[in-house]
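The structure file model.txt is reproduced below (compact mmCIF, C-alpha atoms and all ligand atoms).
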# COMPACT_ATOMS: atom_id res chain seq x y z
CA MET I 1 43.81 70.47 50.10
CA ASN I 2 44.45 74.07 48.97
CA ASN I 3 46.10 74.68 45.63
CA SER I 4 47.92 77.75 44.42
CA ILE I 5 46.80 79.70 41.37
CA TRP I 6 49.83 78.33 39.50
CA ALA I 7 48.92 74.69 40.05
CA GLU I 8 46.68 74.18 37.02
CA ILE I 9 49.73 74.04 34.72
CA GLN I 10 50.66 70.64 33.31
CA LEU I 11 54.34 70.11 34.07
CA PRO I 12 56.51 67.65 32.12
CA SER I 13 56.76 64.30 33.88
CA PHE I 14 59.84 62.13 34.34
CA ALA I 15 60.41 58.42 35.01
CA LYS I 16 61.51 57.02 38.37
CA LEU I 17 65.12 55.90 38.62
CA GLN I 18 65.22 52.20 37.68
CA GLN I 19 68.86 51.22 38.17
CA ASP I 20 72.15 52.22 39.75
CA LEU I 21 73.65 55.38 38.31
CA ASN I 22 77.05 57.07 38.05
CA THR I 23 77.06 60.83 37.61
CA ASP I 24 79.48 63.68 38.17
CA VAL I 25 76.92 65.88 39.92
CA LEU I 26 73.76 64.73 41.68
CA ILE I 27 71.14 67.35 42.51
CA ILE I 28 68.65 66.33 45.21
CA GLY I 29 65.38 68.26 45.04
CA GLY I 30 63.24 69.29 42.08
CA GLY I 31 62.06 72.72 43.18
CA LEU I 32 63.07 75.85 41.32
CA ALA I 33 66.59 75.93 42.84
CA GLY I 34 67.29 72.32 41.83
CA ILE I 35 65.86 72.77 38.35
CA LEU I 36 67.87 75.94 37.73
CA CYS I 37 71.03 74.18 38.97
CA ALA I 38 70.31 71.31 36.53
CA HIS I 39 69.57 73.78 33.73
CA GLN I 40 72.88 75.59 34.24
CA LEU I 41 74.91 72.35 34.43
CA HIS I 42 73.09 71.09 31.32
CA ARG I 43 74.05 74.25 29.42
CA GLU I 44 77.67 73.81 30.48
CA GLY I 45 77.78 70.17 29.35
CA VAL I 46 78.30 68.74 32.84
CA ASN I 47 77.28 65.13 33.52
CA TYR I 48 74.50 65.56 36.11
CA ALA I 49 71.24 64.04 37.30
CA LEU I 50 68.44 65.47 39.42
CA ILE I 51 66.29 63.31 41.69
CA GLU I 52 63.01 64.38 43.24
CA ALA I 53 61.09 62.38 45.85
CA ASP I 54 57.73 63.49 44.45
CA THR I 55 57.20 65.44 41.22
CA ILE I 56 59.06 68.58 40.18
CA MET I 57 57.83 71.90 41.57
CA HIS I 58 55.67 69.97 44.02
CA GLY I 59 56.80 71.78 47.19
CA VAL I 60 57.20 75.43 48.13
CA SER I 61 58.12 76.45 44.57
CA ARG I 62 54.48 76.13 43.51
CA ASN I 63 53.27 78.21 46.44
CA THR I 64 55.35 81.33 45.92
CA THR I 65 53.95 84.73 44.95
CA ALA I 66 56.70 84.72 42.28
CA LYS I 67 58.07 88.23 42.62
CA ILE I 68 61.51 88.58 41.05
CA THR I 69 63.17 91.49 42.77
CA THR I 70 66.43 92.57 44.36
CA GLN I 71 64.45 94.40 47.06
CA HIS I 72 64.15 91.86 49.84
CA GLY I 73 62.31 93.88 52.44
CA LEU I 74 63.94 96.85 54.15
CA VAL I 75 67.21 94.93 54.31
CA TYR I 76 69.92 97.13 52.89
CA HIS I 77 70.36 99.41 55.91
CA LYS I 78 70.66 96.29 58.06
CA LEU I 79 73.17 94.69 55.67
CA LEU I 80 75.14 97.93 55.60
CA ARG I 81 75.26 98.07 59.40
CA ARG I 82 75.98 94.36 59.83
CA PHE I 83 78.44 93.70 57.01
CA GLY I 84 79.62 97.07 55.65
CA PRO I 85 79.11 98.67 52.23
CA GLU I 86 81.13 96.19 50.18
CA LYS I 87 79.11 93.13 51.22
CA ALA I 88 75.78 94.97 51.20
CA ARG I 89 76.40 96.01 47.62
CA LEU I 90 77.64 92.54 46.71
CA TYR I 91 74.34 91.12 47.98
CA TRP I 92 72.44 93.49 45.70
CA GLN I 93 74.76 92.71 42.76
CA ALA I 94 74.27 88.94 43.13
CA ASN I 95 70.50 89.40 43.03
CA GLU I 96 70.71 91.96 40.22
CA ASP I 97 72.62 89.36 38.17
CA ALA I 98 69.81 86.91 38.92
CA LEU I 99 67.15 89.40 37.79
CA THR I 100 69.08 90.08 34.58
CA ARG I 101 69.27 86.33 33.89
CA TYR I 102 65.51 85.97 34.36
CA ARG I 103 64.92 88.86 31.93
CA LYS I 104 67.03 87.08 29.35
CA MET I 105 65.64 83.56 29.86
CA CYS I 106 62.02 84.71 29.98
CA ARG I 107 62.33 86.13 26.46
CA SER I 108 62.21 82.57 25.15
CA VAL I 109 59.98 80.97 27.82
CA ALA I 110 56.25 81.79 27.82
CA CYS I 111 55.76 82.44 31.52
CA ASP I 112 53.69 85.67 31.81
CA PHE I 113 56.82 87.63 32.68
CA GLU I 114 55.91 91.25 33.42
CA VAL I 115 58.10 94.19 34.41
CA ARG I 116 56.83 95.87 37.60
CA ASP I 117 58.19 98.31 40.15
CA ASN I 118 58.52 96.80 43.61
CA TYR I 119 57.57 98.67 46.79
CA ILE I 120 58.43 97.93 50.41
CA TYR I 121 56.36 99.99 52.82
CA ALA I 122 55.98 100.60 56.54
CA THR I 123 52.71 101.31 58.33
CA ALA I 124 54.02 102.56 61.67
CA ASP I 125 57.77 102.82 61.72
CA THR I 126 58.58 106.15 60.08
CA ASP I 127 62.35 105.71 60.40
CA SER I 128 62.92 102.45 58.56
CA PRO I 129 61.91 103.44 55.00
CA MET I 130 63.93 106.67 55.25
CA GLN I 131 66.94 104.82 56.74
CA GLU I 132 66.61 102.28 53.96
CA TRP I 133 66.44 104.91 51.25
CA GLN I 134 69.53 106.66 52.69
CA ALA I 135 71.43 103.34 52.80
CA LEU I 136 70.48 102.63 49.19
CA HIS I 137 71.62 106.09 48.20
CA GLN I 138 74.97 105.47 49.93
CA LEU I 139 75.32 102.13 48.13
CA GLY I 140 74.45 103.64 44.75
CA ILE I 141 71.41 101.39 44.27
CA PRO I 142 68.55 103.04 42.29
CA ALA I 143 65.52 103.57 44.55
CA GLU I 144 62.77 106.10 45.23
CA PHE I 145 61.13 107.22 48.46
CA HIS I 146 57.31 107.53 48.66
CA SER I 147 55.12 108.91 51.41
CA ARG I 148 51.88 107.55 49.89
CA LEU I 149 50.89 104.38 48.06
CA PRO I 150 47.68 103.34 46.27
CA LEU I 151 46.88 100.71 48.92
CA PRO I 152 43.91 100.65 51.31
CA LEU I 153 46.05 101.03 54.43
CA PRO I 154 47.95 103.87 56.11
CA VAL I 155 51.58 104.01 55.00
CA SER I 156 54.25 105.91 56.93
CA GLY I 157 56.77 105.62 54.10
CA ALA I 158 57.88 103.34 51.28
CA VAL I 159 60.89 102.66 49.07
CA SER I 160 60.58 101.38 45.51
CA PHE I 161 62.95 99.66 43.08
CA PRO I 162 62.18 100.25 39.40
CA ASN I 163 61.92 97.57 36.68
CA GLN I 164 61.63 94.44 38.80
CA ALA I 165 59.40 91.58 37.62
CA GLN I 166 56.69 89.02 38.30
CA PHE I 167 55.91 85.82 36.42
CA HIS I 168 54.21 82.42 36.46
CA PRO I 169 56.73 80.12 38.20
CA LEU I 170 55.31 76.81 36.93
CA LYS I 171 55.10 77.95 33.33
CA PHE I 172 58.73 79.02 33.66
CA ALA I 173 59.77 75.67 35.18
CA ALA I 174 57.78 73.73 32.57
CA GLY I 175 59.59 75.68 29.86
CA ILE I 176 63.10 74.93 31.07
CA ALA I 177 62.75 71.44 32.61
CA LYS I 178 61.77 69.43 29.51
CA GLU I 179 65.32 68.71 28.33
CA LEU I 180 66.81 67.99 31.73
CA ARG I 181 67.95 64.66 33.17
CA ILE I 182 65.42 64.30 35.96
CA TYR I 183 64.12 61.29 37.90
CA GLU I 184 60.86 61.83 39.75
CA HIS I 185 59.43 59.65 42.56
CA THR I 186 63.00 58.82 43.59
CA ALA I 187 63.49 59.39 47.30
CA VAL I 188 66.80 59.41 49.17
CA LYS I 189 66.88 56.75 51.87
CA ALA I 190 70.47 57.11 53.05
CA PHE I 191 73.86 58.55 52.22
CA ASP I 192 76.95 56.57 53.21
CA GLY I 193 79.57 59.13 52.20
CA THR I 194 80.06 57.85 48.66
CA ALA I 195 76.70 56.45 47.50
CA VAL I 196 73.26 57.99 47.72
CA ILE I 197 70.83 55.15 48.35
CA THR I 198 67.37 55.74 46.93
CA ASP I 199 64.29 53.55 47.03
CA SER I 200 65.03 52.39 43.46
CA GLY I 201 68.81 52.29 43.01
CA LYS I 202 72.17 53.54 44.23
CA ILE I 203 73.73 56.69 42.81
CA PHE I 204 77.49 57.23 42.82
CA PRO I 205 78.12 60.95 42.34
CA GLU I 206 81.39 62.89 42.48
CA LYS I 207 79.56 65.95 43.89
CA ILE I 208 76.13 66.43 45.44
CA ILE I 209 73.94 69.54 45.57
CA VAL I 210 71.21 69.40 48.22
CA ALA I 211 68.32 71.61 47.11
CA THR I 212 65.57 70.14 49.28
CA HIS I 213 64.25 73.37 50.80
CA PHE I 214 65.46 72.41 54.33
CA PRO I 215 68.73 70.39 53.99
CA ILE I 216 68.05 66.70 54.55
CA PHE I 217 71.39 65.58 56.02
CA ASN I 218 71.46 66.35 59.76
CA LYS I 219 75.01 65.15 60.39
CA HIS I 220 76.74 68.16 58.85
CA GLY I 221 76.35 71.92 58.85
CA LEU I 222 74.16 72.46 61.97
CA TYR I 223 71.19 73.50 59.85
CA PHE I 224 68.85 72.53 62.69
CA LEU I 225 70.40 75.48 64.58
CA LYS I 226 70.99 77.79 61.62
CA LEU I 227 67.47 77.72 60.14
CA TYR I 228 63.89 77.99 61.24
CA GLN I 229 60.74 78.08 59.11
CA ARG I 230 57.85 80.49 58.72
CA ARG I 231 54.44 79.97 57.17
CA SER I 232 52.55 82.58 55.23
CA TYR I 233 49.21 82.61 53.45
CA VAL I 234 47.73 83.85 50.19
CA LEU I 235 44.19 84.61 48.98
CA ALA I 236 43.60 85.00 45.24
CA LEU I 237 40.74 87.47 44.72
CA LYS I 238 38.69 88.43 41.68
CA ASN I 239 36.77 91.75 41.58
CA ALA I 240 39.47 93.42 43.64
CA PRO I 241 41.60 96.38 42.45
CA GLN I 242 44.68 95.42 40.43
CA PRO I 243 47.87 96.94 41.84
CA GLU I 244 50.24 98.47 39.29
CA GLY I 245 53.30 97.36 41.17
CA MET I 246 54.27 94.66 43.67
CA TYR I 247 53.95 95.68 47.32
CA LEU I 248 55.15 94.23 50.60
CA ASP I 249 55.08 95.42 54.19
CA GLY I 250 58.62 95.65 55.57
CA ALA I 251 57.35 94.22 58.90
CA THR I 252 57.71 90.44 59.25
CA ASP I 253 53.99 89.71 59.49
CA GLY I 254 52.69 92.36 57.09
CA LEU I 255 50.72 92.15 53.87
CA SER I 256 51.80 91.55 50.29
CA PHE I 257 50.05 92.52 47.03
CA ARG I 258 50.60 91.61 43.39
CA SER I 259 48.36 90.99 40.44
CA TYR I 260 48.13 87.98 38.14
CA GLY I 261 45.85 88.61 35.17
CA ASP I 262 42.61 89.91 36.67
CA VAL I 263 43.34 88.41 40.07
CA LEU I 264 44.80 90.11 43.14
CA LEU I 265 47.17 87.95 45.18
CA LEU I 266 46.86 89.12 48.77
CA GLY I 267 49.50 87.60 51.06
CA GLY I 268 50.18 87.76 54.80
CA GLY I 269 49.02 86.20 58.08
CA GLY I 270 52.53 84.84 58.62
CA HIS I 271 53.98 83.18 61.71
CA ARG I 272 56.79 80.87 62.75
CA THR I 273 55.78 77.32 61.84
CA GLY I 274 54.21 75.63 64.86
CA LYS I 275 53.11 78.95 66.40
CA GLN I 276 49.87 80.92 66.24
CA GLY I 277 49.36 83.55 63.54
CA GLY I 278 46.83 85.50 61.53
CA CYS I 279 46.60 82.83 58.79
CA TRP I 280 43.84 83.12 56.18
CA ALA I 281 41.44 84.62 58.75
CA GLU I 282 43.51 87.83 58.80
CA LEU I 283 43.44 88.04 55.00
CA GLU I 284 39.71 87.27 54.87
CA ALA I 285 39.01 90.09 57.34
CA PHE I 286 41.14 92.52 55.30
CA ALA I 287 39.43 91.54 52.03
CA LYS I 288 35.96 91.81 53.60
CA LYS I 289 36.73 95.30 54.89
CA HIS I 290 38.56 96.76 51.89
CA TYR I 291 37.37 94.70 48.91
CA PRO I 292 33.77 93.83 49.85
CA GLN I 293 32.90 92.99 46.21
CA SER I 294 35.80 90.58 45.84
CA ARG I 295 35.42 86.84 45.33
CA GLU I 296 37.96 84.25 46.42
CA VAL I 297 39.30 82.13 43.55
CA CYS I 298 41.74 80.04 45.54
CA ARG I 299 43.90 80.08 48.65
CA TRP I 300 47.14 78.51 49.66
CA ALA I 301 49.98 78.67 52.17
CA THR I 302 53.71 78.43 51.85
CA GLN I 303 56.74 77.87 54.01
CA ASP I 304 60.13 79.57 54.03
CA CYS I 305 63.49 78.79 55.62
CA ILE I 306 64.94 81.77 57.50
CA THR I 307 68.68 82.11 58.19
CA LEU I 308 70.41 83.65 61.18
CA ASP I 309 71.64 86.76 59.38
CA GLY I 310 69.21 87.29 56.49
CA ILE I 311 71.54 85.93 53.81
CA PRO I 312 70.88 82.52 52.18
CA TYR I 313 73.21 79.55 52.67
CA ILE I 314 74.56 78.65 49.22
CA GLY I 315 77.84 76.79 48.91
CA GLN I 316 79.74 73.94 50.54
CA TYR I 317 77.35 72.11 52.92
CA SER I 318 79.88 72.37 55.75
CA ALA I 319 83.57 73.17 56.09
CA ASN I 320 84.53 69.47 56.13
CA THR I 321 82.37 68.23 53.22
CA PRO I 322 84.25 69.34 50.08
CA ASN I 323 81.98 67.41 47.68
CA LEU I 324 78.64 68.23 49.26
CA PHE I 325 76.88 71.51 48.48
CA VAL I 326 73.64 73.16 49.54
CA ALA I 327 71.17 75.86 48.55
CA THR I 328 68.77 76.84 51.33
CA GLY I 329 67.58 79.64 53.61
CA PHE I 330 66.13 81.87 50.93
CA ASN I 331 64.33 84.06 53.50
CA LYS I 332 61.15 84.26 51.35
CA TRP I 333 63.04 85.40 48.23
CA GLY I 334 63.29 82.10 46.45
CA MET I 335 63.10 83.34 42.86
CA THR I 336 66.32 85.35 42.89
CA ALA I 337 68.04 83.08 45.43
CA SER I 338 67.38 80.04 43.21
CA MET I 339 69.02 81.76 40.27
CA VAL I 340 71.97 82.89 42.42
CA SER I 341 72.31 79.27 43.62
CA ALA I 342 72.38 77.85 40.09
CA HIS I 343 75.29 79.99 38.96
CA LEU I 344 77.24 79.98 42.20
CA LEU I 345 76.98 76.20 42.61
CA ALA I 346 77.73 75.52 38.94
CA ASP I 347 81.02 77.33 39.54
CA LEU I 348 81.80 75.60 42.83
CA VAL I 349 81.10 72.04 41.66
CA GLN I 350 83.47 72.61 38.74
CA GLY I 351 86.19 74.03 40.99
CA ARG I 352 85.84 77.61 39.75
CA SER I 353 85.88 80.66 41.97
CA ASN I 354 82.82 82.91 42.21
CA PRO I 355 82.66 86.51 43.46
CA TYR I 356 79.68 85.71 45.73
CA ALA I 357 81.03 82.50 47.29
CA GLU I 358 82.18 84.07 50.55
CA LEU I 359 79.03 86.16 51.02
CA PHE I 360 76.71 83.14 50.79
CA SER I 361 79.08 80.60 52.39
CA PRO I 362 77.11 78.35 54.79
CA SER I 363 80.26 78.14 56.95
CA ARG I 364 80.20 81.82 57.94
CA THR I 365 79.76 82.73 61.59
CA ILE I 366 76.63 81.56 63.37
CA LEU I 367 77.07 83.97 66.27
CA ARG I 368 73.91 85.98 65.66
CA PRO I 369 71.07 86.80 68.08
CA GLN I 370 68.66 84.52 66.16
CA LEU I 371 70.84 81.54 67.14
CA ALA I 372 69.79 81.93 70.79
CA VAL I 373 66.12 82.21 69.78
CA ASN I 374 66.36 79.01 67.73
CA ALA I 375 68.18 77.17 70.52
CA VAL I 376 65.63 78.21 73.17
CA GLU I 377 62.72 77.24 70.91
CA SER I 378 64.21 73.82 70.21
CA THR I 379 65.08 73.13 73.85
CA PHE I 380 61.61 74.15 75.03
CA ASN I 381 59.84 71.95 72.51
CA LEU I 382 62.18 69.01 73.09
CA LEU I 383 61.32 69.17 76.79
CA THR I 384 57.58 69.63 76.23
CA PRO I 385 56.16 66.19 77.09
CA THR I 386 53.14 66.15 74.71
CA LYS I 387 52.55 63.86 71.72
CA PRO I 388 52.77 63.44 68.80
CA ARG I 389 56.56 63.83 68.50
CA CYS I 390 58.40 64.96 65.40
CA PRO I 391 60.48 62.19 63.76
CA HIS I 392 63.17 64.71 62.74
CA LEU I 393 64.77 65.39 66.14
CA GLY I 394 61.93 64.64 68.54
CA CYS I 395 60.22 67.98 69.31
CA ALA I 396 56.58 68.14 70.40
CA LEU I 397 54.31 68.84 67.42
CA LYS I 398 51.59 71.50 67.57
CA TRP I 399 48.13 71.25 66.04
CA ASN I 400 47.50 73.85 63.31
CA PRO I 401 43.71 74.31 63.16
CA ALA I 402 43.79 76.58 60.05
CA GLU I 403 45.44 73.89 57.94
CA ARG I 404 44.51 70.81 60.00
CA SER I 405 48.11 69.68 60.27
CA TRP I 406 50.69 68.79 62.90
CA ASP I 407 53.48 71.38 62.73
CA CYS I 408 56.90 71.39 64.37
CA PRO I 409 58.01 74.66 65.98
CA CYS I 410 61.66 73.55 66.06
CA HIS I 411 62.54 73.32 62.35
CA GLY I 412 59.20 73.34 60.58
CA SER I 413 58.39 69.74 59.58
CA ARG I 414 54.65 69.28 58.99
CA PHE I 415 52.31 66.30 58.84
CA THR I 416 48.70 65.71 57.84
CA GLU I 417 46.08 64.99 60.45
CA GLY I 418 46.71 61.29 59.82
CA GLY I 419 50.49 61.64 60.17
CA LYS I 420 51.68 61.75 56.52
CA LEU I 421 54.73 63.94 55.91
CA LEU I 422 53.96 67.32 54.30
CA GLU I 423 57.17 69.33 54.71
CA ASN I 424 60.78 68.47 55.56
CA PRO I 425 63.34 68.36 57.26
CA ALA I 426 61.66 65.17 58.56
CA THR I 427 61.96 62.51 55.88
CA GLY I 428 59.16 60.14 56.89
CA ASP I 429 55.63 59.93 58.26
CA LEU I 430 54.74 59.96 61.94
CA LYS I 431 55.31 56.53 63.46
CA ASN I 432 52.33 55.06 65.32
CA SER I 433 50.60 58.30 64.38
CA SER I 434 47.07 57.24 65.24
CA ALA I 435 48.13 56.16 68.73
CA GLN I 436 50.08 59.39 69.28
CA ILE I 437 47.30 61.59 67.98
CA HIS I 438 44.72 59.75 70.05
CA GLU I 439 46.85 60.33 73.12
CA ARG I 440 47.23 64.04 72.31
CA ARG I 441 43.50 64.46 71.77
CA SER I 442 42.65 62.81 75.07
CA GLN I 443 44.88 65.26 77.01
FE1 LIG C 1 63.22 69.21 63.62
FE2 LIG C 1 60.70 68.72 64.17
S1 LIG C 1 61.51 69.58 62.40
S2 LIG C 1 62.41 68.32 65.42
Could you quickly redo this structure as structure tokens?
Amino acid sequence: MNNSIWAEIQLPSFAKLQQDLNTDVLIIGGGLAGILCAHQLHREGVNYALIEADTIMHGVSRNTTAKITTQHGLVYHKLLRRFGPEKARLYWQANEDALTRYRKMCRSVACDFEVRDNYIYATADTDSPMQEWQALHQLGIPAEFHSRLPLPLPVSGAVSFPNQAQFHPLKFAAGIAKELRIYEHTAVKAFDGTAVITDSGKIFPEKIIVATHFPIFNKHGLYFLKLYQRRSYVLALKNAPQPEGMYLDGATDGLSFRSYGDVLLLGGGGHRTGKQGGCWAELEAFAKKHYPQSREVCRWATQDCITLDGIPYIGQYSANTPNLFVATGFNKWGMTASMVSAHLLADLVQGRSNPYAELFSPSRTILRPQLAVNAVESTFNLLTPTKPRCPHLGCALKWNPAERSWDCPCHGSRFTEGGKLLENPATGDLKNSSAQIHERRSQ
């Protein structure tokens, strides 16, 4: 089992739900998005409860590189082209609000918060960084263009945002979660429209926020078509140069750099879950070549939900579920998206309007090219006759030799070698896993 560099922190622990419960708002999922939602509702005096199937910050939130920035890749020229200047700027403003809120909260939470410039670079495509910089200029967003960076790789251009930030996500969560009404080890078994049935009691909420990384209710919202998942990998290295800023390749599978103390966090090796990719081997080769004196301290991998149009889904779960809400599809930018979710959803569950509601609405059009890619991938893997099969919607699982897990290319569920659930949207272990795995191995 690989653990992230953040994992040594002792988080507060919370009791399991022991009885039936009435609450105005139920939050399902104790990652950063769920905890920030609970924190905001707590501050506003709303009657809420948060349930988590495992322990808080157990999932992807502990595997992030924890960059807090409004620069989400080379995205603004695409947003400008796709949605026009008003929405592109609104996207930046929503994330800028989130960054400002982190700056304020982190003054009173000891979480190694550090101000850093953020850089997105390209190694081959000379047009994209310049196009991006021009789009940012048009939108009035402060940014600088660079033709060189202090990284050991050739850069064709880069764009930076000043005064962004990095922090320790678990120290932050530990600092804000203590006072919250949280039940750990409380898993959802079913939802009948009015009651959420858990393994230790029924909950009767007026409103529900689903913050489970990949939404757990399949019946509404078509999330199995609207989302897919990607894995990416991190090596934490000592005796490697410490970057001043935070750096990321604008290409989907490129490298990422940030420091934490005297450790370099080198990220990359990404691929769609269930597919082949560079994994840790790519990062090991890079470190061996460019940082031959470095020593690995730890390694880990993470998983991100990717939307059809590059904007998260935050809002009403579907057009016909007025009391069910969701926060998902953070496209690898979970720190700012979690904060956006907390404030947007706090407004929506209390019937208030919010200037970003339409932009992030999960009910916006799904007619995007990625929809066809997702549909083809799902159809292909549903028709692939191999075992084991994924208990979510039945796709053929693929063996991931780097992590020794069974991964689903359709929506990204993952299971240990022995069939235990690692990542949703599946909600249970592989059935008859040893028989299935035996059959797969004999093929
Ligand atoms: Fe949906 Fe596997 S995750 S079928």
When you draw a straight line from CA of Pro355 in chain I to CA of Pro162 in chain I, how long is it in Å?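 Value for the CA of Pro355 in chain I-CA of Pro162 in chain I distance: 25.0 Å.
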Could you please extract the residues within 7 Å of ligand LIG 1 (chain C), counting all atoms listed in the file, and hand them back as a PDB file with C-alpha atoms, in the frame of the given file?
ATOM      1  CA  PHE I 224      68.850  72.530  62.690  1.00  0.00           C
ATOM      2  CA  CYS I 390      58.400  64.960  65.400  1.00  0.00           C
ATOM      3  CA  PRO I 391      60.480  62.190  63.760  1.00  0.00           C
ATOM      4  CA  HIS I 392      63.170  64.710  62.740  1.00  0.00           C
ATOM      5  CA  LEU I 393      64.770  65.390  66.140  1.00  0.00           C
ATOM      6  CA  GLY I 394      61.930  64.640  68.540  1.00  0.00           C
ATOM      7  CA  CYS I 395      60.220  67.980  69.310  1.00  0.00           C
ATOM      8  CA  CYS I 408      56.900  71.390  64.370  1.00  0.00           C
ATOM      9  CA  PRO I 409      58.010  74.660  65.980  1.00  0.00           C
ATOM     10  CA  CYS I 410      61.660  73.550  66.060  1.00  0.00           C
ATOM     11  CA  HIS I 411      62.540  73.320  62.350  1.00  0.00           C
ATOM     12  CA  GLY I 412      59.200  73.340  60.580  1.00  0.00           C
ATOM     13  CA  SER I 413      58.390  69.740  59.580  1.00  0.00           C
ATOM     14  CA  ASN I 424      60.780  68.470  55.560  1.00  0.00           C
ATOM     15  CA  PRO I 425      63.340  68.360  57.260  1.00  0.00           C
ATOM     16  CA  ALA I 426      61.660  65.170  58.560  1.00  0.00           C
TER      17      ALA I 426
END
Pick out the residues sitting within 9 Å of Ser353 in chain I, and hand them over as an NGL selection string; count only C-alpha atoms, and ignore anything fewer than 5 positions along from it in its own chain. :I and (344 or 347-348)
For CA of Gly418 in chain I and CA of Lys431 in chain I, quote the distance in Å rounded to one decimal.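 So the answer is 10.5 Å.
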Neighbour list for Val234 in chain I as JSON, numbers by chain, cut-off 7 Å, only C-alpha atoms, skip fewer than 4 positions in-chain: {"I": [265, 266, 267, 268, 299, 300, 301]}
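Residue nearest Ala88 in chain I within the list I:Leu359, I:Ala372, I:Phe214, I:Gly30: I:Leu359 [criterion: smallest interatomic distance, only C-alpha atoms].
In terms of minimum interatomic distance to Leu36 in chain I, I:Leu345 ranks closest within I:Ile314, I:Leu345, I:Val263, I:Leu79, counting all atoms listed in the file.
CA of Asn400 in chain I to CA of Asn218 in chain I spans 25.4 Å [interatomic distance, one decimal].
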Which residue out of I:Arg414, I:Arg364, I:His343, I:Arg148 has the minimum interatomic distance to Ala94 in chain I when only C-alpha atoms are used? I:His343
Please check which residues have atoms at most 8 Å from (68.6, 63.9, 54.7) in the file's coordinates, counting all atoms listed in the file, and write them as number ranges by chain. I: 188-191, 215-218, 425, 427
